[in-house]
file target_8.tsv (TSV, C-alpha atoms)
chain	number	residue	atom	x	y	z
R	1	MET	CA	-3.11	-32.27	4.70
R	2	ALA	CA	-4.12	-30.42	7.82
R	3	THR	CA	-2.16	-30.87	11.01
R	4	THR	CA	-3.91	-32.95	13.64
R	5	LEU	CA	-3.48	-31.28	17.00
R	6	ARG	CA	-2.87	-33.71	19.83
R	7	MET	CA	-3.97	-31.43	22.63
R	8	ARG	CA	-2.13	-32.20	25.84
R	9	SER	CA	-4.18	-33.90	28.51
R	10	ARG	CA	-3.81	-31.41	31.30
R	11	PRO	CA	-6.02	-29.98	34.04
R	12	SER	CA	-7.82	-26.73	33.40
R	13	ARG	CA	-6.96	-23.63	35.38
R	14	ARG	CA	-9.97	-24.31	37.61
R	15	SER	CA	-8.73	-27.77	38.59
R	16	LEU	CA	-5.20	-26.42	39.08
R	17	ALA	CA	-6.55	-24.25	41.89
R	18	TYR	CA	-6.87	-27.38	44.00
R	19	LEU	CA	-3.29	-28.53	43.75
R	20	GLY	CA	-2.58	-27.19	47.26
R	21	VAL	CA	0.24	-25.34	48.85
R	22	GLY	CA	2.95	-27.27	46.97
R	23	ARG	CA	2.21	-25.48	43.72
R	24	LYS	CA	2.23	-22.06	45.41
R	25	LEU	CA	5.54	-22.80	47.07
R	26	ILE	CA	7.04	-23.89	43.75
R	27	GLU	CA	5.77	-20.78	41.98
R	28	LEU	CA	7.19	-18.51	44.70
R	29	ARG	CA	10.50	-20.38	44.85
R	30	LEU	CA	10.87	-20.39	41.05
R	31	ARG	CA	10.13	-16.69	40.92
R	32	ASP	CA	12.85	-16.09	43.49
R	33	THR	CA	15.16	-18.54	41.71
R	34	PHE	CA	14.90	-16.86	38.33
R	35	ASN	CA	15.17	-13.39	39.86
R	36	GLN	CA	18.41	-14.28	41.66
R	37	VAL	CA	20.88	-13.94	38.85
R	38	ARG	CA	23.67	-15.11	41.19
R	39	MET	CA	22.16	-18.61	41.43
R	40	ASP	CA	23.73	-21.02	38.96
R	41	PHE	CA	21.88	-23.93	37.33
R	42	PRO	CA	22.86	-26.68	39.84
R	43	SER	CA	21.79	-24.47	42.76
R	44	ALA	CA	18.51	-23.50	41.11
R	45	ARG	CA	17.78	-27.12	40.22
R	46	GLN	CA	18.41	-28.22	43.81
R	47	ALA	CA	16.16	-25.46	45.15
R	48	VAL	CA	13.29	-26.64	42.96
R	49	LEU	CA	13.83	-30.28	43.99
R	50	ASN	CA	13.79	-29.26	47.65
R	51	VAL	CA	10.40	-27.61	47.23
R	52	ILE	CA	9.00	-30.70	45.48
R	53	LYS	CA	10.28	-32.93	48.28
R	54	GLY	CA	8.44	-30.71	50.77
R	55	ALA	CA	5.02	-31.22	49.19
R	56	ARG	CA	2.45	-33.25	51.14
R	57	GLY	CA	2.45	-36.90	50.03
R	58	GLY	CA	-1.14	-36.82	48.81
R	59	GLU	CA	-0.50	-33.77	46.67
R	60	LEU	CA	2.76	-34.96	45.11
R	61	PRO	CA	1.30	-36.90	42.09
R	62	ARG	CA	-0.91	-33.95	41.16
R	63	LEU	CA	1.95	-31.53	41.65
R	64	LEU	CA	4.23	-33.57	39.39
R	65	HIS	CA	1.51	-33.82	36.72
R	66	TRP	CA	1.08	-30.05	36.84
R	67	LEU	CA	4.83	-29.54	36.47
R	68	ARG	CA	4.92	-31.80	33.41
R	69	THR	CA	2.02	-30.15	31.64
R	70	THR	CA	1.66	-26.52	32.75
R	71	ASN	CA	2.42	-23.42	30.71
R	72	ASP	CA	2.55	-21.30	33.89
R	73	PHE	CA	6.33	-20.91	33.63
R	74	ASP	CA	6.26	-19.53	30.10
R	75	LYS	CA	6.50	-16.02	31.51
R	76	PHE	CA	10.08	-16.76	32.57
R	77	THR	CA	11.15	-17.52	29.01
R	78	TYR	CA	9.13	-15.09	26.85
R	79	ASN	CA	11.08	-12.40	25.06
R	80	ASN	CA	9.83	-9.32	23.26
R	81	ASP	CA	9.40	-11.19	19.94
R	82	ASP	CA	7.19	-13.78	21.66
R	83	ILE	CA	5.08	-11.04	23.18
R	84	ILE	CA	4.60	-9.24	19.86
R	85	LEU	CA	3.63	-12.47	18.08
R	86	ARG	CA	1.12	-13.27	20.83
R	87	SER	CA	-0.29	-9.78	20.40
R	88	ILE	CA	-0.62	-10.39	16.65
R	89	ALA	CA	-2.38	-13.70	17.32
R	90	GLU	CA	-4.81	-12.00	19.70
R	91	ASP	CA	-5.42	-9.26	17.14
R	92	ILE	CA	-6.24	-11.83	14.44
R	93	ARG	CA	-8.52	-13.78	16.82
R	94	HIS	CA	-10.70	-10.70	17.17
R	95	ARG	CA	-10.98	-10.36	13.39
R	96	LEU	CA	-12.09	-13.94	12.64
R	97	PRO	CA	-14.85	-16.36	13.67
R	98	LEU	CA	-13.92	-18.87	16.38
R	99	GLY	CA	-13.01	-21.63	13.90
R	100	ALA	CA	-10.84	-19.23	11.85
R	101	VAL	CA	-12.40	-20.64	8.66
R	102	LEU	CA	-14.09	-18.15	6.33
R	103	ASN	CA	-17.27	-18.72	4.35
R	104	SER	CA	-15.19	-18.09	1.21
R	105	GLU	CA	-13.17	-21.25	1.98
R	106	HIS	CA	-15.67	-23.60	0.38
R	107	ASN	CA	-13.32	-26.57	-0.05
R	108	ALA	CA	-12.03	-26.32	3.52
R	109	LEU	CA	-15.54	-26.28	4.96
R	110	GLN	CA	-16.56	-29.25	2.84
R	111	LYS	CA	-13.46	-31.22	3.87
R	112	LEU	CA	-14.24	-30.63	7.54
R	113	HIS	CA	-17.73	-32.02	7.09
R	114	GLU	CA	-16.39	-35.09	5.29
R	115	GLN	CA	-14.19	-36.26	8.17
R	116	THR	CA	-15.17	-39.67	9.59
R	117	ILE	CA	-14.44	-38.49	13.15
R	118	PRO	CA	-16.11	-35.25	14.33
R	119	THR	CA	-13.50	-32.60	13.62
R	120	ILE	CA	-13.18	-28.89	14.30
R	121	HIS	CA	-10.59	-26.40	13.13
R	122	VAL	CA	-8.64	-24.81	15.98
R	123	ASP	CA	-5.88	-22.64	14.61
R	124	ALA	CA	-2.66	-23.42	16.51
R	125	PHE	CA	-1.21	-19.94	15.97
R	126	LEU	CA	-4.30	-18.27	17.41
R	127	TYR	CA	-5.22	-20.66	20.22
R	128	ASP	CA	-2.78	-22.22	22.67
R	129	ASP	CA	-3.86	-24.62	25.42
R	130	ASP	CA	-4.70	-21.80	27.83
R	131	CYS	CA	-6.97	-20.15	25.26
R	132	ILE	CA	-8.71	-23.47	24.60
R	133	ASP	CA	-9.16	-24.07	28.34
R	134	SER	CA	-10.78	-20.64	28.72
R	135	LEU	CA	-13.13	-21.24	25.78
R	136	CYS	CA	-14.12	-24.64	27.17
R	137	GLU	CA	-14.80	-23.15	30.59
R	138	GLU	CA	-16.95	-20.44	28.96
R	139	GLY	CA	-18.90	-23.08	27.02
R	140	LYS	CA	-17.73	-21.71	23.66
R	141	MET	CA	-15.73	-24.83	22.76
R	142	SER	CA	-15.53	-28.47	23.78
R	143	ARG	CA	-12.77	-31.06	23.60
R	144	ASN	CA	-15.33	-33.90	23.40
R	145	TYR	CA	-18.47	-34.93	21.54
R	146	CYS	CA	-21.40	-37.07	22.64
R	147	LEU	CA	-21.36	-40.65	21.34
R	148	ALA	CA	-25.08	-41.11	22.01
R	149	CYS	CA	-27.48	-38.24	22.49
R	150	GLY	CA	-28.66	-37.94	26.09
R	151	SER	CA	-25.92	-40.21	27.46
R	152	HIS	CA	-22.71	-39.45	29.33
R	153	GLN	CA	-20.59	-41.32	26.78
R	154	THR	CA	-18.15	-38.96	25.09
R	155	ALA	CA	-15.07	-39.17	22.93
R	156	PRO	CA	-12.37	-36.59	22.10
R	157	LEU	CA	-12.98	-34.31	19.15
R	158	GLU	CA	-10.31	-34.25	16.47
R	159	PHE	CA	-8.66	-30.82	16.33
R	160	ILE	CA	-6.91	-29.73	13.14
R	161	SER	CA	-4.93	-26.63	12.31
R	162	HIS	CA	-3.77	-24.98	9.10
R	163	SER	CA	-1.13	-22.91	10.94
R	164	PHE	CA	2.03	-23.53	12.91
R	165	SER	CA	1.85	-22.79	16.62
R	166	LEU	CA	4.13	-20.20	18.20
R	167	MET	CA	6.30	-23.03	19.55
R	168	GLU	CA	6.56	-24.62	16.09
R	169	LEU	CA	7.45	-21.30	14.46
R	170	LYS	CA	10.16	-20.60	17.02
R	171	SER	CA	11.63	-24.08	16.58
R	172	LEU	CA	11.45	-23.82	12.79
R	173	TYR	CA	13.39	-20.56	12.60
R	174	GLN	CA	15.76	-21.02	15.53
R	175	GLU	CA	16.50	-24.76	15.37
R	176	VAL	CA	15.47	-26.30	12.03
R	177	LEU	CA	16.58	-23.66	9.53
R	178	PRO	CA	20.07	-22.14	9.24
R	179	ASP	CA	20.81	-18.44	9.50
R	180	LEU	CA	18.59	-16.71	6.91
R	181	THR	CA	20.51	-13.45	6.62
R	182	GLY	CA	20.10	-12.14	3.08
R	183	LYS	CA	17.75	-14.98	2.12
R	184	VAL	CA	14.38	-14.96	0.33
R	185	LEU	CA	11.61	-16.96	2.02
R	186	VAL	CA	8.33	-17.85	0.31
R	187	ASP	CA	5.31	-19.22	2.17
R	188	VAL	CA	2.95	-21.02	-0.21
R	189	GLY	CA	-0.61	-20.49	0.99
R	190	SER	CA	0.17	-17.92	3.67
R	191	ARG	CA	-3.43	-17.72	4.96
R	192	LEU	CA	-3.26	-15.92	8.36
R	193	GLY	CA	0.39	-14.97	7.86
R	194	ALA	CA	1.78	-16.95	10.82
R	195	VAL	CA	4.82	-18.19	8.87
R	196	LEU	CA	5.51	-14.65	7.61
R	197	PHE	CA	5.23	-13.03	11.02
R	198	GLY	CA	7.33	-15.78	12.58
R	199	ALA	CA	10.01	-15.24	9.93
R	200	TYR	CA	10.02	-11.51	10.62
R	201	TYR	CA	10.59	-11.85	14.37
R	202	TYR	CA	12.46	-15.14	14.65
R	203	SER	CA	14.75	-14.94	11.61
R	204	SER	CA	16.87	-12.45	9.70
R	205	ALA	CA	15.41	-13.30	6.27
R	206	SER	CA	15.68	-10.15	4.16
R	207	GLN	CA	12.63	-10.78	1.95
R	208	ILE	CA	9.54	-12.65	3.16
R	209	TYR	CA	6.79	-13.41	0.66
R	210	GLY	CA	3.36	-14.89	1.27
R	211	VAL	CA	1.39	-16.20	-1.70
R	212	GLU	CA	-2.32	-16.60	-0.95
R	213	MET	CA	-5.27	-17.14	-3.29
R	214	ASN	CA	-7.97	-16.06	-0.83
R	215	GLY	CA	-8.46	-12.31	-1.06
R	216	ASP	CA	-10.05	-12.07	2.40
R	217	PHE	CA	-6.97	-13.55	4.03
R	218	CYS	CA	-4.70	-11.27	1.99
R	219	GLN	CA	-6.59	-8.27	3.36
R	220	LEU	CA	-6.21	-9.64	6.88
R	221	GLN	CA	-2.45	-10.11	6.46
R	222	GLU	CA	-2.08	-6.64	4.97
R	223	ALA	CA	-3.93	-5.13	7.94
R	224	ILE	CA	-1.53	-6.80	10.39
R	225	ILE	CA	1.52	-5.85	8.30
R	226	SER	CA	0.38	-2.23	8.29
R	227	LYS	CA	-0.52	-2.10	11.99
R	228	TYR	CA	2.77	-3.62	13.14
R	229	ARG	CA	4.87	-1.92	10.42
R	230	LEU	CA	6.25	-5.10	8.90
R	231	ASP	CA	6.25	-3.94	5.28
R	232	ASP	CA	10.02	-3.41	5.18
R	233	ARG	CA	10.49	-7.19	4.82
R	234	ILE	CA	7.07	-8.80	4.26
R	235	LYS	CA	5.06	-8.75	1.05
R	236	VAL	CA	1.79	-10.60	0.41
R	237	ILE	CA	0.82	-11.62	-3.11
R	238	ASN	CA	-2.83	-12.41	-3.85
R	239	ALA	CA	-2.32	-15.06	-6.53
R	240	ASP	CA	-2.29	-18.74	-7.46
R	241	ILE	CA	1.19	-20.13	-6.77
R	242	CYS	CA	1.15	-21.60	-10.29
R	243	THR	CA	1.52	-18.04	-11.63
R	244	GLN	CA	4.59	-17.30	-9.51
R	245	ALA	CA	7.34	-19.23	-11.30
R	246	SER	CA	9.90	-16.42	-11.01
R	247	LEU	CA	9.33	-16.04	-7.26
R	248	LEU	CA	9.77	-19.78	-6.72
R	249	GLN	CA	12.92	-19.84	-8.83
R	250	ASN	CA	14.53	-17.11	-6.71
R	251	ALA	CA	13.47	-18.48	-3.31
R	252	ASP	CA	16.06	-19.74	-0.84
R	253	ILE	CA	13.44	-21.24	1.49
R	254	VAL	CA	9.95	-22.42	0.51
R	255	VAL	CA	7.48	-23.27	3.28
R	256	MET	CA	4.45	-25.45	2.56
R	257	ASN	CA	2.40	-26.15	5.68
R	258	ASN	CA	-0.73	-28.21	4.90
R	259	VAL	CA	-1.00	-26.15	1.81
R	260	PHE	CA	-3.26	-27.90	-0.70
R	261	GLU	CA	-5.38	-30.81	0.51
R	262	TYR	CA	-8.07	-28.76	2.24
R	263	PHE	CA	-8.16	-26.01	-0.37
R	264	LEU	CA	-7.79	-27.60	-3.82
R	265	ASP	CA	-9.25	-30.63	-5.56
R	266	ARG	CA	-6.80	-33.38	-6.54
R	267	SER	CA	-6.27	-32.28	-10.11
R	268	GLU	CA	-5.44	-28.75	-8.94
R	269	GLN	CA	-3.12	-30.16	-6.27
R	270	ALA	CA	-1.26	-32.22	-8.89
R	271	ARG	CA	-0.91	-29.17	-11.13
R	272	ALA	CA	0.42	-27.03	-8.26
R	273	TRP	CA	2.96	-29.65	-7.19
R	274	LYS	CA	4.16	-30.01	-10.78
R	275	ILE	CA	4.75	-26.25	-11.06
R	276	ILE	CA	6.54	-26.19	-7.71
R	277	SER	CA	8.80	-29.14	-8.56
R	278	GLN	CA	9.71	-27.51	-11.88
R	279	ASN	CA	10.57	-24.12	-10.39
R	280	VAL	CA	11.95	-24.73	-6.91
R	281	ARG	CA	15.30	-25.76	-8.37
R	282	LYS	CA	17.96	-23.49	-6.89
R	283	PRO	CA	20.69	-25.90	-5.72
R	284	GLY	CA	21.03	-25.89	-1.95
R	285	SER	CA	17.74	-24.08	-1.35
R	286	LEU	CA	15.47	-25.53	1.32
R	287	LEU	CA	11.91	-26.85	1.28
R	288	VAL	CA	9.87	-27.13	4.50
R	289	THR	CA	6.74	-29.29	4.31
R	290	VAL	CA	3.96	-30.65	6.49
R	291	PRO	CA	3.32	-33.52	5.94
R	292	ASN	CA	6.27	-35.14	4.14
R	293	LEU	CA	6.46	-35.07	0.35
R	294	GLU	CA	5.76	-38.78	-0.01
R	295	LYS	CA	2.45	-38.46	1.82
R	296	SER	CA	1.45	-35.26	0.02
R	297	LEU	CA	2.00	-36.84	-3.40
R	298	SER	CA	0.86	-40.41	-2.66
R	299	GLU	CA	-2.74	-39.98	-3.82
R	300	LEU	CA	-2.07	-37.64	-6.73
R	301	GLN	CA	-1.56	-38.46	-10.40
R	302	VAL	CA	1.74	-36.64	-10.76
R	303	ASP	CA	5.14	-37.76	-12.02
R	304	ILE	CA	7.68	-36.20	-9.68
R	305	GLN	CA	10.91	-38.10	-9.07
R	306	LEU	CA	11.73	-37.03	-5.53
R	307	SER	CA	15.18	-38.66	-5.55
R	308	GLN	CA	16.18	-36.43	-8.47
R	309	TRP	CA	14.74	-33.28	-6.93
R	310	VAL	CA	15.40	-33.23	-3.18
R	311	GLU	CA	17.22	-34.91	-0.33
R	312	ALA	CA	15.81	-35.16	3.17
R	313	VAL	CA	17.69	-33.23	5.86
R	314	PRO	CA	17.65	-34.81	9.34
R	315	VAL	CA	16.28	-32.50	12.02
R	316	GLN	CA	17.35	-32.58	15.66
R	317	TYR	CA	15.13	-31.02	18.32
R	318	ASP	CA	15.70	-29.88	21.87
R	319	GLY	CA	15.93	-32.93	24.12
R	320	PHE	CA	13.84	-31.21	26.81
R	321	LEU	CA	10.69	-30.93	24.70
R	322	GLU	CA	7.40	-32.20	26.12
R	323	ASP	CA	5.85	-35.17	24.32
R	324	GLY	CA	3.08	-33.09	22.71
R	325	ASP	CA	5.55	-30.54	21.39
R	326	ARG	CA	7.89	-33.23	20.05
R	327	GLU	CA	5.01	-34.96	18.25
R	328	ALA	CA	4.04	-31.70	16.55
R	329	LEU	CA	7.61	-30.87	15.51
R	330	GLU	CA	8.27	-34.33	14.14
R	331	LYS	CA	5.62	-33.68	11.50
R	332	ILE	CA	7.76	-30.89	10.01
R	333	TYR	CA	10.07	-32.11	7.23
R	334	LEU	CA	13.08	-30.37	5.75
R	335	TYR	CA	14.50	-31.01	2.28
R	336	ARG	CA	17.49	-29.65	0.37
R	337	ILE	CA	17.15	-29.05	-3.37
R	338	LEU	CA	19.68	-31.05	-5.40
call {"tool": "encode", "arguments": {"input": "target_8.tsv", "output": "structure tokens"}}
result
Amino acid sequence: MATTLRMRSRPSRRSLAYLGVGRKLIELRLRDTFNQVRMDFPSARQAVLNVIKGARGGELPRLLHWLRTTNDFDKFTYNNDDIILRSIAEDIRHRLPLGAVLNSEHNALQKLHEQTIPTIHVDAFLYDDDCIDSLCEEGKMSRNYCLACGSHQTAPLEFISHSFSLMELKSLYQEVLPDLTGKVLVDVGSRLGAVLFGAYYYSSASQIYGVEMNGDFCQLQEAIISKYRLDDRIKVINADICTQASLLQNADIVVMNNVFEYFLDRSEQARAWKIISQNVRKPGSLLVTVPNLEKSLSELQVDIQLSQWVEAVPVQYDGFLEDGDREALEKIYLYRIL
């Protein structure tokens, strides 16, 4: 099942220009704050609060909304791995159509057209909120559709993604999963390679495998692996996962992000799940899924006794996450093989 993206309701960069002097003061003060290594957290926090208190009364609600929703401070927290992954995402964007769905993905295209609510594919690894804002401003994308032709009545489009976002990848490898030193990770349906590239930069997994049936996407992943010299740990296999029993049996972590529903019919999905449940059996190994296993299997004719195969592992996330980020992360489920 594809991830539904709940895009944050936030002003575009154009509307942010009208937030007034309060925003500029905060940006300048924060820049000074983060550059002054001698300032401890309580002092920095108080400095920010002082700036907020100094904003004009009429601007304060808009300023607070901007603070809650902006990505403008990301530059203070990016590290080199973030920058490289963003470069990879930009590289892939230039190699794919806007929707990041290929003509060879017949089932995915058909599924999109069958949605009851107008739906478009916006790949979360390739397009963050700033990218989407820019595309909307340029008229290349819209967040809404017209309810009645010629009227001003609109409703939000449903956005779906077949990839994890950069934030989700970072949380997966640095918060959800344990140390992966010496471990073998397998991504089932690796598509653009986001899970593989995230594993390379955000984890110490020694062997990272992507299994992908679509030859076009395998070529794309191989091009990125070659350009960024990732072949010391990443390998892409152009195959049906049902032919990879040995790989599944040796895996320490198996990732399955929206892997089957949009790409296989139900009988093929049932067959794939059966093979996976029979071969992902190493005791203590981990299974990462979106959505949860119960939902993935609920409409399939397949006899898999989950209680005899896996146990759910509770996941705790950073308490300072924004609501949109928390909602996305709560759709990621972790299981331990019994």
call {"tool": "closest_residue", "arguments": {"input": "target_8.tsv", "among": "R:Asp265, R:Asp40, R:Glu299, R:Asp252", "to": "R:Arg281", "atoms": "all atoms listed in the file"}}
result
R:Asp252
call {"tool": "residues_around", "arguments": {"input": "target_8.tsv", "residues": "stretch 247-250 of chain R", "least_positions_apart": "5", "cutoff": "10 Å", "atoms": "only C-alpha atoms", "output": "PyMOL selection string"}}
result
chain R and resi 183-188+209+211+241-242+275-282+285
call {"tool": "atom_distance", "arguments": {"input": "target_8.tsv", "atom1": "atom CA of R:Ile84", "atom2": "atom CA of R:Leu98"}}
result
21.2 Å
call {"tool": "residues_around", "arguments": {"input": "target_8.tsv", "residues": "R:Ala223", "least_positions_apart": "3", "cutoff": "12 Å", "atoms": "all atoms listed in the file", "output": "PyMOL selection string"}}
result
chain R and resi 88+91-92+95+192-193+216-220+226-231+235-236
call {"tool": "atom_distance", "arguments": {"input": "target_8.tsv", "atom1": "atom CA of R:Gly215", "atom2": "atom CA of R:Arg271"}}
result
21.0 Å
call {"tool": "atom_distance", "arguments": {"input": "target_8.tsv", "atom1": "atom CA of R:Thr289", "atom2": "atom CA of R:Met256"}}
result
4.8 Å
call {"tool": "residues_near_point", "arguments": {"input": "target_8.tsv", "point": "(-0.4, -29.3, -5.4)", "cutoff": "10 Å", "atoms": "all atoms listed in the file", "output": "JSON list (two decimals) with C-alpha atoms, in the coordinates of the input"}}
result
[["chain", "number", "residue", "atom", "x", "y", "z"],
["R", 241, "ILE", "CA", 1.19, -20.13, -6.77],
["R", 242, "CYS", "CA", 1.15, -21.60, -10.29],
["R", 259, "VAL", "CA", -1.00, -26.15, 1.81],
["R", 260, "PHE", "CA", -3.26, -27.90, -0.70],
["R", 261, "GLU", "CA", -5.38, -30.81, 0.51],
["R", 263, "PHE", "CA", -8.16, -26.01, -0.37],
["R", 264, "LEU", "CA", -7.79, -27.60, -3.82],
["R", 265, "ASP", "CA", -9.25, -30.63, -5.56],
["R", 266, "ARG", "CA", -6.80, -33.38, -6.54],
["R", 267, "SER", "CA", -6.27, -32.28, -10.11],
["R", 268, "GLU", "CA", -5.44, -28.75, -8.94],
["R", 269, "GLN", "CA", -3.12, -30.16, -6.27],
["R", 270, "ALA", "CA", -1.26, -32.22, -8.89],
["R", 271, "ARG", "CA", -0.91, -29.17, -11.13],
["R", 272, "ALA", "CA", 0.42, -27.03, -8.26],
["R", 273, "TRP", "CA", 2.96, -29.65, -7.19],
["R", 274, "LYS", "CA", 4.16, -30.01, -10.78],
["R", 275, "ILE", "CA", 4.75, -26.25, -11.06],
["R", 276, "ILE", "CA", 6.54, -26.19, -7.71],
["R", 277, "SER", "CA", 8.80, -29.14, -8.56],
["R", 296, "SER", "CA", 1.45, -35.26, 0.02],
["R", 297, "LEU", "CA", 2.00, -36.84, -3.40],
["R", 300, "LEU", "CA", -2.07, -37.64, -6.73],
["R", 302, "VAL", "CA", 1.74, -36.64, -10.76]]
call {"tool": "residues_around", "arguments": {"input": "target_8.tsv", "residues": "R:Ile132", "least_positions_apart": "4", "cutoff": "9 Å", "atoms": "only C-alpha atoms", "output": "NGL selection string"}}
result
:R and (122 or 127-128 or 136-137 or 141-143)
call {"tool": "residues_near_point", "arguments": {"input": "target_8.tsv", "point": "(15.0, -32.3, -5.0)", "cutoff": "9 Å", "atoms": "only C-alpha atoms", "output": "list in words"}}
result
Ser277, Val280, Arg281, Pro283, Leu287, Gln305, Leu306, Ser307, Gln308, Trp309, Val310, Glu311, Ala312, Tyr335, Arg336, Ile337 and Leu338 of chain R
